[in-house]
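Remarks on the structure that follows.
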Amino acid sequence: MPRKTLTPLSSENAKRFRDVCRSADYSDTRLEETLGTKIPPPPHHEHFAQIASQTESDAPFGALARLFFLGTPVACDQANAVLPSSFLGSCIDCGLIDTDGAHFKSAALVVPVGDLLLASDVHLNVSQDDGTYVPTISQPALHLRSLAIRRPAGRMLDLCGGFALHGIMSSRFSDEVVTSDLNPRAMEYADFNGALNGCDNIRSVTGSLFNPVQGERYDLILSNPPFVVSFEREATFRDSPNELDGFVQQMLTQVPGYLEEGGIFQSICEWVEFKGQDWQERLARWFQGSGCDVWVLTANRQMPASYARGRLRETTSDEAELTSRLASWEQSFQDRGVQYIHGGFIFLRRRHGANWFDVTQITRGITSPVGDAILRGFEGRDLIFHDDDDQSLPVSYTH
């Protein structure tokens with residue numbers, strides 16, 4: 001489906017955009033306080049009308065929230081009364097908004113995440129994704145952001161980066177950032193967001209997994225890949241393209257070849273547990289001989305029926321359709337011997353010597369940055385698993 005092309009803002013217009021948002025207190029904190037969420041709800045969300053009603057003031061915040069958070073039109077006379085004409089003009093020129101003379105209409109969302117502003121496509125029904133849709137911020141992306149290590153790095157890779165949240169976040173402490181995605185339109189948003197946030201050390205590339213960066217190595221790799229264990233594969237940005245967790249396994253087994261010594265990889269993902277098979281032993285086998293320490297942080301474990309219902313709820317509200325599709329998913333899980341679906345984080349660190357494998361259960365939600373604690377966690381495990389005999393891959397299983 002045709003979508004408007006975004007043109008990166010000039011440094012002057014990018015600064016103006018940031019200044020207008022800052023002056024209006026268009027921030028994730030204000031959005032959460034006012035609307036109850038800092039993640040844009042899709043139009044089919046059951047509480048969308050109620051959320052939208054909280055933006056119906058004449059204040060600049062309300063106009064910005066409607067245009068760039070909810071993706072709903074704003075009357076021209078109302079927008080002109082509270083937002084600078086130069087700001088609106090540059091938004092039209094770069095492709096963020098359109099106008100029919102009566103209303104300004106959103107061509108893209110621009111969502112605040114901390115002190116960043118990040119553009120993406122306006123919400124689209126998952127079933128309409130043609131492989132070029134670039135979705136907005138999600139809860140998994142925010143979770144990974146909270147656990148991401150933030151230390152000086154020479155080179156950083158934002159793998160399956162979409163609109164480049166993790167790349168732009170990391171650009172402040174990295175010499176060079178590469179953001180990569182299978183979707184060619186993700187490059188457009190990565191370039192736009194780099195300019196919008198004043199980042200000049202980001203390079204965007206297109207291709208599957210590590211194909212666009214063959215032969216390169218990185219000090220830090222962050223990834224929020226398409227990991228949903230789906231049997232329909234409606235959305236390229238969300239659903240695993242391989243059977244069950246095959247895509248996650250493919251990615252993880254390739255990672256060591258792209259890490260510098262001491263380099264760290266962090267990903268949020270999902271994996272399956274088969275009946276009669278220890279899932280921790282299964283994961284540990286993925287990394288035998290990898291030259292990496294592996295730290296798995298498990299956050300949840302769901303039975304196939306509850307997992308399928310939750311995922312299908314993301315794409316349909318029709319009960320009859322839900323029931324039919326749910327039965328099909330449950331049968332597919334049963335046929336493949338899947339007992340549980342796990343969700344959490346998998347971290348790798350390339351290190352010469354005796355490598356270890358450890359599993360930790362996350363017992364509470366993490367909403368603030370804990371990257372320093374993750375680094376200390378690696379250091380602590382080095383002491384725990386220190387082996388003078390240099391045995392490979394000592395393991396610790398948490399049950």
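Going by the structure tokens order, chains are called A, B, ..., each with residues numbered from 1, while ligands are numbered from 1 in the order shown.
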Item checked: Exercise: A:Asn193 partners within 8 Å, only C-alpha atoms, chain neighbours under 5 positions left out, as a list in words -> Pro8, Leu117, Leu118, Ala119, Phe163, Ala164 and Ile168 of chain A
Include C-alpha atoms and write out the residues we just selected as a PDB file, in the first residue's frame.
```pdb
ATOM      1  CA  PRO A   8      14.826  13.953   7.151  1.00  0.00           C
ATOM      2  CA  LEU A 117      11.380  11.543  19.688  1.00  0.00           C
ATOM      3  CA  LEU A 118      10.836   8.570  17.383  1.00  0.00           C
ATOM      4  CA  ALA A 119       8.775   8.461  14.197  1.00  0.00           C
ATOM      5  CA  PHE A 163      12.707   2.720  13.461  1.00  0.00           C
ATOM      6  CA  ALA A 164      16.057   2.468  15.338  1.00  0.00           C
ATOM      7  CA  ILE A 168      19.640   6.093  18.490  1.00  0.00           C
TER       8      ILE A 168
END
```
Closest atom pairs, residues of stretch 111-203 of chain A within 6 Å of stretch 13-35 of chain A, only C-alpha atoms, as JSON lines:
```
{"residue": "A:Pro112", "atom": "CA", "partner": "A:Ser27", "partner_atom": "CA", "distance": 5.4}
{"residue": "A:Val113", "atom": "CA", "partner": "A:Asp28", "partner_atom": "CA", "distance": 5.9}
{"residue": "A:Leu196", "atom": "CA", "partner": "A:Ala14", "partner_atom": "CA", "distance": 4.9}
```
Create the file for the chosen residues now, containing N, CA and C atoms and written as an mmCIF file, in the first residue's frame.
```cif
data_model
loop_
_atom_site.group_PDB
_atom_site.id
_atom_site.type_symbol
_atom_site.label_atom_id
_atom_site.label_comp_id
_atom_site.auth_asym_id
_atom_site.auth_seq_id
_atom_site.Cartn_x
_atom_site.Cartn_y
_atom_site.Cartn_z
ATOM 1 N N PRO A 112 7.398 10.181 22.031
ATOM 2 C CA PRO A 112 8.514 10.451 22.943
ATOM 3 C C PRO A 112 8.887 9.209 23.745
ATOM 4 N N VAL A 113 10.171 8.919 23.797
ATOM 5 C CA VAL A 113 10.700 7.832 24.619
ATOM 6 C C VAL A 113 11.881 8.406 25.392
ATOM 7 N N LEU A 196 16.186 13.759 13.395
ATOM 8 C CA LEU A 196 15.291 14.399 14.359
ATOM 9 C C LEU A 196 15.940 14.531 15.727
#
```
Write out as a PDB file with C-alpha atoms, in the first residue's frame all residues of stretch 187-395 of chain A that DSSP puts in strand (DSSP E or B) for this structure's backbone.
```pdb
ATOM      1  CA  ILE A 202      24.212   6.240  12.507  1.00  0.00           C
ATOM      2  CA  ARG A 203      24.269   4.164   9.320  1.00  0.00           C
ATOM      3  CA  SER A 204      21.136   2.273   8.227  1.00  0.00           C
ATOM      4  CA  VAL A 205      21.214  -0.913   6.127  1.00  0.00           C
ATOM      5  CA  THR A 206      18.659  -3.403   4.815  1.00  0.00           C
ATOM      6  CA  TYR A 218      30.589  -5.037  17.261  1.00  0.00           C
ATOM      7  CA  ASP A 219      31.092  -4.161  20.907  1.00  0.00           C
ATOM      8  CA  LEU A 220      27.329  -4.124  21.548  1.00  0.00           C
ATOM      9  CA  ILE A 221      24.399  -5.650  19.678  1.00  0.00           C
ATOM     10  CA  LEU A 222      20.788  -5.071  20.724  1.00  0.00           C
ATOM     11  CA  SER A 223      17.880  -6.870  19.074  1.00  0.00           C
ATOM     12  CA  VAL A 228       6.186 -14.429  18.165  1.00  0.00           C
ATOM     13  CA  ASP A 239       5.821 -13.191  13.738  1.00  0.00           C
ATOM     14  CA  LEU A 259      30.979  -9.820  18.479  1.00  0.00           C
ATOM     15  CA  GLU A 260      34.340  -8.365  19.352  1.00  0.00           C
ATOM     16  CA  GLU A 261      36.160  -9.976  22.272  1.00  0.00           C
ATOM     17  CA  GLY A 262      34.290  -8.696  25.312  1.00  0.00           C
ATOM     18  CA  GLY A 263      31.360  -7.626  23.139  1.00  0.00           C
ATOM     19  CA  ILE A 264      27.831  -8.174  24.431  1.00  0.00           C
ATOM     20  CA  PHE A 265      24.598  -9.125  22.669  1.00  0.00           C
ATOM     21  CA  GLN A 266      21.198  -8.484  24.292  1.00  0.00           C
ATOM     22  CA  SER A 267      17.840  -9.621  22.946  1.00  0.00           C
ATOM     23  CA  ILE A 268      14.261  -9.970  24.095  1.00  0.00           C
ATOM     24  CA  CYS A 269      12.645 -13.069  22.615  1.00  0.00           C
ATOM     25  CA  GLU A 270      10.527 -16.190  23.085  1.00  0.00           C
ATOM     26  CA  TRP A 271      11.368 -19.889  22.885  1.00  0.00           C
ATOM     27  CA  VAL A 272       9.503 -23.156  23.296  1.00  0.00           C
ATOM     28  CA  GLU A 273       9.679 -26.051  25.717  1.00  0.00           C
ATOM     29  CA  PHE A 274       8.923 -29.507  24.330  1.00  0.00           C
ATOM     30  CA  CYS A 292      30.414 -16.878  24.526  1.00  0.00           C
ATOM     31  CA  ASP A 293      29.079 -16.700  28.054  1.00  0.00           C
ATOM     32  CA  VAL A 294      25.287 -17.006  27.974  1.00  0.00           C
ATOM     33  CA  TRP A 295      22.870 -15.490  30.471  1.00  0.00           C
ATOM     34  CA  VAL A 296      19.176 -16.307  30.098  1.00  0.00           C
ATOM     35  CA  LEU A 297      16.662 -14.216  32.065  1.00  0.00           C
ATOM     36  CA  THR A 298      13.228 -15.816  32.009  1.00  0.00           C
ATOM     37  CA  ALA A 299      10.238 -13.539  32.585  1.00  0.00           C
ATOM     38  CA  ASN A 300       7.204 -15.744  31.905  1.00  0.00           C
ATOM     39  CA  ARG A 301       6.089 -19.218  30.875  1.00  0.00           C
ATOM     40  CA  GLN A 302       2.708 -19.791  29.229  1.00  0.00           C
ATOM     41  CA  VAL A 338       5.043 -27.950  22.617  1.00  0.00           C
ATOM     42  CA  GLN A 339       4.335 -27.853  26.346  1.00  0.00           C
ATOM     43  CA  TYR A 340       5.166 -24.218  27.181  1.00  0.00           C
ATOM     44  CA  ILE A 341       6.261 -20.973  25.526  1.00  0.00           C
ATOM     45  CA  HIS A 342       8.867 -18.981  27.452  1.00  0.00           C
ATOM     46  CA  GLY A 343       9.530 -15.271  27.205  1.00  0.00           C
ATOM     47  CA  GLY A 344      12.481 -13.274  28.458  1.00  0.00           C
ATOM     48  CA  PHE A 345      15.965 -12.088  27.558  1.00  0.00           C
ATOM     49  CA  ILE A 346      19.045 -13.847  26.232  1.00  0.00           C
ATOM     50  CA  PHE A 347      22.441 -12.175  26.629  1.00  0.00           C
ATOM     51  CA  LEU A 348      25.759 -13.316  25.135  1.00  0.00           C
ATOM     52  CA  ARG A 349      29.255 -12.054  25.838  1.00  0.00           C
ATOM     53  CA  ARG A 350      32.197 -13.153  23.715  1.00  0.00           C
ATOM     54  CA  PHE A 357      25.633 -20.714  30.822  1.00  0.00           C
ATOM     55  CA  ASP A 358      23.281 -19.405  33.494  1.00  0.00           C
ATOM     56  CA  VAL A 359      19.508 -19.075  33.857  1.00  0.00           C
ATOM     57  CA  THR A 360      17.891 -16.502  36.137  1.00  0.00           C
ATOM     58  CA  GLN A 361      14.196 -15.987  36.837  1.00  0.00           C
ATOM     59  CA  VAL A 395      26.080 -24.377  33.515  1.00  0.00           C
TER      60      VAL A 395
END
```
Item checked: Which of stretch 49-84 of chain A DSSP labels alpha helix (DSSP H), written as a list of chain:residue names -> A:Ala49, A:Gln50, A:Ile51, A:Ala52, A:Ser53, A:Pro60, A:Phe61, A:Gly62, A:Ala63, A:Leu64, A:Cys76, A:Asp77, A:Gln78, A:Ala79, A:Asn80, A:Ala81, A:Val82
